[in-house]
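The structure appears right after this line, and notes come after that.
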Amino acid sequence: MSNRVTITATPGVVLRLSPVIEMSERQFAELCYLNRDLRIERTKEGDLIIMPPAFSETGRQNFKLTQLFGNWVDADGTGVGFDSSTGFTLPNRAVRSPDLAWVRRPRWEALTQEQREEAFSPLCPDFVLELRSRSDPLRYVQAKMQEYMENGAQLGWLLDPLEKKVYIYRLGATVEVLDNPSTLSGGPELPGFVLPLREVW
């Protein structure tokens, strides 16, 4: 019997494959390609999480976040931004899709063309944002944020519109919790980026 911790709180369906089936990164990418209508993440243990589409209000909020953050990314120019459909292969072998992500340009440009175009790039973003939806157990998205930080993220924001709270994760620091802030400042990791939360809530 395995002594692995069972994932009990996820927003989707969990398929436990290991140790019966062990997929390589390439095989997982091909599985996702064959099932393009599904949003699939992979845990570090090799389990697959098949997530439902975002509810309409969450989709609106995600769109607004992408718009606001994308404007800053274009103006700043020091990194590359990614939306919620992008998967990243973290150092612990999990494949995760943050709702927003940003990678410093030198790290992105160090990847090969194949790593950028034909795979889930093998890196953890420098900045990640997760937006909690009604289908997301809070402890699940908190665990994802912790995983990002353990794998190299410098800054992470967990936005919880249900409770009007923001959880700020920084490398080597205690998680900061803000109650219904009107704005969020990205400095020093994202200099000049200010997120007006009234446009998201």
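Labels used: A, B, ... for chains in the order of the structure tokens, numbers from 1 for residues in each chain, and numbers from 1 for ligands as shown.
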Residues near Thr78 of chain A, anyone? I mean within 10 Å using only C-alpha atoms, not counting same-chain ones fewer than 3 positions away, as number ranges by chain.
A: 73-75, 102-106, 190
Create the file for the chosen residues now, containing N, CA and C atoms and written as an mmCIF file, in the first residue's frame.
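Generated output (selection.cif):
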```cif
data_model
loop_
_atom_site.group_PDB
_atom_site.id
_atom_site.type_symbol
_atom_site.label_atom_id
_atom_site.label_comp_id
_atom_site.auth_asym_id
_atom_site.auth_seq_id
_atom_site.Cartn_x
_atom_site.Cartn_y
_atom_site.Cartn_z
ATOM 1 N N VAL A 73 2.588 44.458 -18.600
ATOM 2 C CA VAL A 73 3.639 43.643 -19.218
ATOM 3 C C VAL A 73 4.153 44.318 -20.487
ATOM 4 N N ASP A 74 3.237 44.812 -21.324
ATOM 5 C CA ASP A 74 3.644 45.483 -22.563
ATOM 6 C C ASP A 74 4.444 46.751 -22.280
ATOM 7 N N ALA A 75 4.008 47.516 -21.292
ATOM 8 C CA ALA A 75 4.693 48.778 -20.981
ATOM 9 C C ALA A 75 6.040 48.537 -20.316
ATOM 10 N N TRP A 102 3.970 35.291 -14.993
ATOM 11 C CA TRP A 102 4.954 36.198 -15.597
ATOM 12 C C TRP A 102 6.338 35.620 -15.373
ATOM 13 N N VAL A 103 7.148 35.630 -16.431
ATOM 14 C CA VAL A 103 8.514 35.099 -16.386
ATOM 15 C C VAL A 103 9.464 36.185 -16.858
ATOM 16 N N ARG A 104 10.524 36.398 -16.119
ATOM 17 C CA ARG A 104 11.528 37.378 -16.532
ATOM 18 C C ARG A 104 12.091 36.982 -17.901
ATOM 19 N N ARG A 105 12.278 37.978 -18.736
ATOM 20 C CA ARG A 105 12.651 37.721 -20.131
ATOM 21 C C ARG A 105 13.924 36.877 -20.294
ATOM 22 N N PRO A 106 15.006 37.105 -19.523
ATOM 23 C CA PRO A 106 16.194 36.259 -19.702
ATOM 24 C C PRO A 106 15.920 34.774 -19.440
ATOM 25 N N LEU A 190 7.336 43.432 -9.339
ATOM 26 C CA LEU A 190 6.668 43.939 -10.544
ATOM 27 C C LEU A 190 6.592 45.457 -10.437
#
```
Quick one: residues within 6 Å of segment 30-41 of chain A, only C-alpha atoms, excluding same-chain residues fewer than 4 positions away - as a list in words?
Leu48, Ile49, Ile50, Met51, Val95 and Arg96 of chain A
Output file for the selection above: C-alpha atoms, as a PDB file, in the first residue's frame:
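out_34.pdb written:
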```
ATOM      1  CA  LEU A  48      -4.150  14.096 -13.104  1.00  0.00           C
ATOM      2  CA  ILE A  49      -6.635  16.803 -12.132  1.00  0.00           C
ATOM      3  CA  ILE A  50      -9.338  17.455 -14.718  1.00  0.00           C
ATOM      4  CA  MET A  51     -10.916  20.805 -13.990  1.00  0.00           C
ATOM      5  CA  VAL A  95       2.376  20.669 -14.314  1.00  0.00           C
ATOM      6  CA  ARG A  96       0.355  23.681 -13.185  1.00  0.00           C
TER       7      ARG A  96
END
```
Rounded to one decimal place, report the atom CA of Leu155 of chain A-atom CA of Val13 of chain A distance in Å.
28.3 Å
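Across the model, the gap from atom CA of Phe69 of chain A to atom CA of Trp157 of chain A is 12.7 Å.
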Can you tell me which residues surround Ser97 of chain A at a distance of at most 8 Å, considering only C-alpha atoms, apart from same-chain residues fewer than 2 positions away, and format the answer as a ChimeraX atom specification?
/A:41,84-88,95,99
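Closest approach to Glu199 of chain A among A:Ser182, A:Ser18, A:Gln113, A:Asn151 is made by A:Ser182 (distances from only C-alpha atoms).
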Any chance you could list, as a compact mmCIF listing (two decimals) with N, CA and C atoms, in the first residue's frame, the residues in chain A that come up strand (DSSP E or B) when DSSP is run on the backbone?
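The resulting out.txt:
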```txt
# COMPACT_ATOMS: atom_id res chain seq x y z
N VAL A 13 -11.96 16.55 -11.06
CA VAL A 13 -11.85 15.10 -10.93
C VAL A 13 -10.38 14.73 -10.86
N VAL A 14 -10.01 13.85 -9.92
CA VAL A 14 -8.63 13.40 -9.77
C VAL A 14 -8.51 11.98 -10.29
N LEU A 15 -7.59 11.75 -11.23
CA LEU A 15 -7.28 10.41 -11.71
C LEU A 15 -5.93 10.01 -11.14
N ARG A 39 -9.20 20.82 -19.43
CA ARG A 39 -8.14 21.55 -18.73
C ARG A 39 -7.55 20.60 -17.70
N ILE A 40 -6.30 20.19 -17.92
CA ILE A 40 -5.70 19.14 -17.11
C ILE A 40 -4.42 19.66 -16.45
N GLU A 41 -4.29 19.42 -15.16
CA GLU A 41 -3.04 19.65 -14.45
C GLU A 41 -2.52 18.32 -13.94
N ARG A 42 -1.22 18.28 -13.61
CA ARG A 42 -0.64 17.06 -13.06
C ARG A 42 0.07 17.39 -11.76
N LEU A 48 -3.59 13.12 -12.19
CA LEU A 48 -4.15 14.10 -13.10
C LEU A 48 -5.37 14.75 -12.48
N ILE A 49 -5.47 16.06 -12.61
CA ILE A 49 -6.63 16.80 -12.13
C ILE A 49 -7.32 17.40 -13.35
N ILE A 50 -8.55 16.96 -13.59
CA ILE A 50 -9.34 17.45 -14.72
C ILE A 50 -10.32 18.46 -14.17
N MET A 51 -10.16 19.71 -14.59
CA MET A 51 -10.92 20.80 -13.99
C MET A 51 -12.05 21.25 -14.90
N GLY A 79 9.63 41.23 -18.97
CA GLY A 79 9.22 39.84 -18.85
C GLY A 79 8.13 39.49 -19.83
N VAL A 80 7.67 38.24 -19.73
CA VAL A 80 6.66 37.71 -20.63
C VAL A 80 5.47 37.25 -19.80
N GLY A 81 4.26 37.62 -20.22
CA GLY A 81 3.05 37.26 -19.49
C GLY A 81 2.34 36.07 -20.12
N PHE A 82 1.56 35.36 -19.30
CA PHE A 82 0.85 34.16 -19.74
C PHE A 82 -0.54 34.13 -19.12
N PHE A 88 2.94 24.97 -16.99
CA PHE A 88 4.37 25.02 -16.69
C PHE A 88 4.75 23.74 -15.96
N THR A 89 5.88 23.14 -16.34
CA THR A 89 6.40 21.98 -15.62
C THR A 89 7.33 22.50 -14.52
N VAL A 95 2.71 19.77 -13.22
CA VAL A 95 2.38 20.67 -14.31
C VAL A 95 1.18 21.49 -13.86
N ARG A 96 1.39 22.79 -13.72
CA ARG A 96 0.36 23.68 -13.18
C ARG A 96 0.03 24.80 -14.17
N LEU A 100 -2.77 33.65 -13.92
CA LEU A 100 -1.86 34.60 -14.56
C LEU A 100 -0.44 34.20 -14.18
N ALA A 101 0.49 34.42 -15.09
CA ALA A 101 1.89 34.13 -14.78
C ALA A 101 2.79 35.11 -15.52
N TRP A 102 3.97 35.29 -14.99
CA TRP A 102 4.95 36.20 -15.60
C TRP A 102 6.34 35.62 -15.37
N VAL A 103 7.15 35.63 -16.43
CA VAL A 103 8.51 35.10 -16.39
C VAL A 103 9.46 36.18 -16.86
N ARG A 104 10.52 36.40 -16.12
CA ARG A 104 11.53 37.38 -16.53
C ARG A 104 12.09 36.98 -17.90
N PHE A 127 6.28 35.19 -11.17
CA PHE A 127 5.06 35.71 -10.53
C PHE A 127 3.89 34.84 -10.95
N VAL A 128 3.05 34.47 -9.99
CA VAL A 128 1.84 33.70 -10.29
C VAL A 128 0.66 34.34 -9.57
N LEU A 129 -0.50 34.23 -10.18
CA LEU A 129 -1.74 34.71 -9.58
C LEU A 129 -2.79 33.62 -9.73
N GLU A 130 -3.47 33.33 -8.64
CA GLU A 130 -4.60 32.40 -8.67
C GLU A 130 -5.84 33.16 -8.21
N LEU A 131 -6.92 32.99 -8.95
CA LEU A 131 -8.21 33.60 -8.62
C LEU A 131 -9.14 32.49 -8.14
N LEU A 155 6.97 35.89 -6.24
CA LEU A 155 5.79 36.58 -5.75
C LEU A 155 4.54 35.84 -6.20
N GLY A 156 3.58 35.71 -5.30
CA GLY A 156 2.33 35.07 -5.65
C GLY A 156 1.16 35.79 -5.00
N TRP A 157 0.09 35.95 -5.77
CA TRP A 157 -1.13 36.55 -5.24
C TRP A 157 -2.27 35.56 -5.37
N LEU A 158 -2.94 35.30 -4.27
CA LEU A 158 -4.18 34.52 -4.28
C LEU A 158 -5.32 35.48 -4.00
N LEU A 159 -6.16 35.68 -5.00
CA LEU A 159 -7.31 36.58 -4.86
C LEU A 159 -8.55 35.75 -4.53
N ASP A 160 -9.21 36.11 -3.45
CA ASP A 160 -10.42 35.39 -3.03
C ASP A 160 -11.60 36.35 -3.06
N LYS A 165 -10.69 38.81 0.11
CA LYS A 165 -9.37 38.77 0.75
C LYS A 165 -8.30 38.51 -0.29
N VAL A 166 -7.09 38.98 0.01
CA VAL A 166 -5.93 38.72 -0.83
C VAL A 166 -4.83 38.12 0.04
N TYR A 167 -4.23 37.04 -0.46
CA TYR A 167 -3.11 36.39 0.22
C TYR A 167 -1.86 36.65 -0.62
N ILE A 168 -0.87 37.27 0.01
CA ILE A 168 0.36 37.63 -0.69
C ILE A 168 1.49 36.71 -0.23
N TYR A 169 2.09 36.03 -1.21
CA TYR A 169 3.18 35.09 -0.95
C TYR A 169 4.48 35.68 -1.51
N ARG A 170 5.49 35.72 -0.65
CA ARG A 170 6.81 36.16 -1.10
C ARG A 170 7.83 35.13 -0.62
N GLU A 176 1.03 37.13 3.81
CA GLU A 176 0.33 38.34 4.25
C GLU A 176 -1.11 38.28 3.77
N VAL A 177 -2.05 38.58 4.66
CA VAL A 177 -3.47 38.53 4.31
C VAL A 177 -4.05 39.94 4.40
N LEU A 178 -4.68 40.39 3.31
CA LEU A 178 -5.29 41.71 3.27
C LEU A 178 -6.81 41.55 3.16
N ASP A 179 -7.55 42.33 3.94
CA ASP A 179 -9.00 42.31 3.90
C ASP A 179 -9.53 43.42 3.00
N THR A 183 -6.48 48.33 -3.82
CA THR A 183 -5.45 48.12 -4.84
C THR A 183 -4.39 47.16 -4.30
N LEU A 184 -3.60 46.61 -5.23
CA LEU A 184 -2.45 45.79 -4.89
C LEU A 184 -1.25 46.32 -5.65
N SER A 185 -0.13 46.47 -4.95
CA SER A 185 1.09 46.95 -5.58
C SER A 185 2.04 45.78 -5.81
N VAL A 194 0.17 48.25 -10.50
CA VAL A 194 -0.83 48.43 -9.44
C VAL A 194 -2.14 47.85 -9.95
N LEU A 195 -2.70 46.90 -9.22
CA LEU A 195 -3.93 46.25 -9.62
C LEU A 195 -5.11 46.89 -8.89
N PRO A 196 -6.03 47.55 -9.64
CA PRO A 196 -7.23 48.13 -9.01
C PRO A 196 -8.28 47.02 -8.80
```
Can you pull out the residues contacting Val141 of chain A? Cut-off 10 Å, using only C-alpha atoms, and skip same-chain residues under 3 positions away; I want them as a count of residues only.
17
Shell of 9 Å around Val200 of chain A, only C-alpha atoms, local chain residues under 4 positions omitted, as number ranges by chain
A: 60-62, 64-65, 161, 195-196
Can I get the selected residues back with C-alpha atoms, as an mmCIF file, in the first residue's frame?
```cif
data_model
loop_
_atom_site.group_PDB
_atom_site.id
_atom_site.type_symbol
_atom_site.label_atom_id
_atom_site.label_comp_id
_atom_site.auth_asym_id
_atom_site.auth_seq_id
_atom_site.Cartn_x
_atom_site.Cartn_y
_atom_site.Cartn_z
ATOM 1 C CA ARG A 60 -15.117 37.804 -16.495
ATOM 2 C CA GLN A 61 -12.752 38.390 -13.592
ATOM 3 C CA ASN A 62 -9.989 36.387 -15.280
ATOM 4 C CA LYS A 64 -10.175 41.694 -16.592
ATOM 5 C CA LEU A 65 -7.055 40.511 -14.730
ATOM 6 C CA PRO A 161 -13.438 37.365 -4.296
ATOM 7 C CA LEU A 195 -3.934 46.250 -9.624
ATOM 8 C CA PRO A 196 -7.229 48.130 -9.013
#
```
In segment 4-134 of chain A, DSSP helix (DSSP H, G or I) residues written as a PyMOL selection string:
chain A and resi 25-34+56-76+105-109+113-117
For those residues, write N, CA and C atoms to a file as a short mmCIF file (atom, residue, chain, number, x, y, z; two decimals), in the first residue's frame.
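Saved as result.cif:
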```cif
data_model
loop_
_atom_site.label_atom_id
_atom_site.label_comp_id
_atom_site.auth_asym_id
_atom_site.auth_seq_id
_atom_site.Cartn_x
_atom_site.Cartn_y
_atom_site.Cartn_z
N GLU A 25 7.04 13.59 -19.37
CA GLU A 25 6.55 14.91 -19.72
C GLU A 25 5.99 14.93 -21.15
N ARG A 26 6.68 14.25 -22.07
CA ARG A 26 6.23 14.20 -23.46
C ARG A 26 4.88 13.49 -23.57
N GLN A 27 4.71 12.37 -22.87
CA GLN A 27 3.45 11.64 -22.92
C GLN A 27 2.30 12.46 -22.34
N PHE A 28 2.59 13.19 -21.25
CA PHE A 28 1.55 14.03 -20.67
C PHE A 28 1.15 15.14 -21.64
N ALA A 29 2.13 15.75 -22.29
CA ALA A 29 1.84 16.79 -23.27
C ALA A 29 0.99 16.24 -24.41
N GLU A 30 1.28 15.01 -24.86
CA GLU A 30 0.50 14.39 -25.94
C GLU A 30 -0.91 14.08 -25.47
N LEU A 31 -1.06 13.64 -24.21
CA LEU A 31 -2.38 13.38 -23.65
C LEU A 31 -3.23 14.66 -23.66
N CYS A 32 -2.62 15.77 -23.25
CA CYS A 32 -3.33 17.05 -23.24
C CYS A 32 -3.69 17.48 -24.65
N TYR A 33 -2.79 17.22 -25.60
CA TYR A 33 -3.06 17.59 -26.99
C TYR A 33 -4.24 16.80 -27.55
N LEU A 34 -4.32 15.52 -27.20
CA LEU A 34 -5.41 14.68 -27.67
C LEU A 34 -6.74 15.03 -27.02
N SER A 56 -19.13 31.75 -15.31
CA SER A 56 -19.13 32.98 -16.10
C SER A 56 -18.52 34.17 -15.37
N GLU A 57 -18.87 34.36 -14.10
CA GLU A 57 -18.33 35.49 -13.36
C GLU A 57 -16.82 35.36 -13.16
N THR A 58 -16.36 34.14 -12.89
CA THR A 58 -14.92 33.92 -12.76
C THR A 58 -14.22 34.20 -14.09
N GLY A 59 -14.85 33.81 -15.20
CA GLY A 59 -14.27 34.10 -16.51
C GLY A 59 -14.16 35.59 -16.77
N ARG A 60 -15.17 36.34 -16.35
CA ARG A 60 -15.12 37.80 -16.49
C ARG A 60 -13.97 38.38 -15.69
N GLN A 61 -13.83 37.90 -14.45
CA GLN A 61 -12.75 38.39 -13.59
C GLN A 61 -11.39 38.02 -14.16
N ASN A 62 -11.25 36.80 -14.67
CA ASN A 62 -9.99 36.39 -15.28
C ASN A 62 -9.64 37.26 -16.48
N PHE A 63 -10.66 37.56 -17.29
CA PHE A 63 -10.43 38.40 -18.46
C PHE A 63 -9.94 39.79 -18.05
N LYS A 64 -10.58 40.37 -17.05
CA LYS A 64 -10.18 41.69 -16.59
C LYS A 64 -8.75 41.67 -16.04
N LEU A 65 -8.41 40.64 -15.27
CA LEU A 65 -7.05 40.51 -14.73
C LEU A 65 -6.03 40.41 -15.85
N THR A 66 -6.33 39.61 -16.86
CA THR A 66 -5.42 39.45 -17.99
C THR A 66 -5.24 40.77 -18.72
N GLN A 67 -6.33 41.49 -18.90
CA GLN A 67 -6.26 42.80 -19.58
C GLN A 67 -5.39 43.79 -18.80
N LEU A 68 -5.65 43.92 -17.52
CA LEU A 68 -4.92 44.89 -16.70
C LEU A 68 -3.44 44.51 -16.59
N PHE A 69 -3.18 43.24 -16.37
CA PHE A 69 -1.78 42.80 -16.23
C PHE A 69 -1.05 42.88 -17.57
N GLY A 70 -1.75 42.51 -18.64
CA GLY A 70 -1.13 42.57 -19.96
C GLY A 70 -0.70 43.97 -20.34
N ASN A 71 -1.48 44.97 -19.95
CA ASN A 71 -1.09 46.36 -20.22
C ASN A 71 0.24 46.69 -19.56
N TRP A 72 0.41 46.23 -18.30
CA TRP A 72 1.66 46.49 -17.60
C TRP A 72 2.82 45.73 -18.24
N VAL A 73 2.59 44.46 -18.60
CA VAL A 73 3.64 43.64 -19.22
C VAL A 73 4.15 44.32 -20.49
N ASP A 74 3.24 44.81 -21.32
CA ASP A 74 3.64 45.48 -22.56
C ASP A 74 4.44 46.75 -22.28
N ALA A 75 4.01 47.52 -21.29
CA ALA A 75 4.69 48.78 -20.98
C ALA A 75 6.04 48.54 -20.32
N ASP A 76 6.13 47.52 -19.47
CA ASP A 76 7.35 47.26 -18.71
C ASP A 76 8.44 46.62 -19.58
N ARG A 105 12.28 37.98 -18.74
CA ARG A 105 12.65 37.72 -20.13
C ARG A 105 13.92 36.88 -20.29
N PRO A 106 15.01 37.10 -19.52
CA PRO A 106 16.19 36.26 -19.70
C PRO A 106 15.92 34.77 -19.44
N ARG A 107 15.06 34.47 -18.47
CA ARG A 107 14.72 33.07 -18.20
C ARG A 107 13.93 32.47 -19.36
N TRP A 108 12.99 33.24 -19.89
CA TRP A 108 12.19 32.76 -21.01
C TRP A 108 13.05 32.56 -22.25
N GLU A 109 13.93 33.52 -22.52
CA GLU A 109 14.76 33.43 -23.72
C GLU A 109 15.84 32.37 -23.61
N GLN A 113 13.57 26.58 -28.46
CA GLN A 113 12.33 26.76 -29.21
C GLN A 113 11.36 25.62 -28.93
N GLU A 114 11.87 24.41 -28.82
CA GLU A 114 11.02 23.26 -28.54
C GLU A 114 10.38 23.37 -27.16
N GLN A 115 11.15 23.83 -26.17
CA GLN A 115 10.61 23.98 -24.82
C GLN A 115 9.50 25.03 -24.77
N ARG A 116 9.58 26.02 -25.65
CA ARG A 116 8.56 27.07 -25.67
C ARG A 116 7.32 26.63 -26.44
N GLU A 117 7.51 25.91 -27.55
CA GLU A 117 6.41 25.67 -28.48
C GLU A 117 5.79 24.29 -28.38
#
```
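With only C-alpha atoms as the atoms that count, the residue of A:Leu90, A:Ser135, A:Asn180, A:Leu17 with the shortest distance to Ala153 of chain A is A:Leu90.
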Atomic separation - atom CA of Ala143 of chain A relative to atom CA of Ala110 of chain A, Å:
28.7 Å
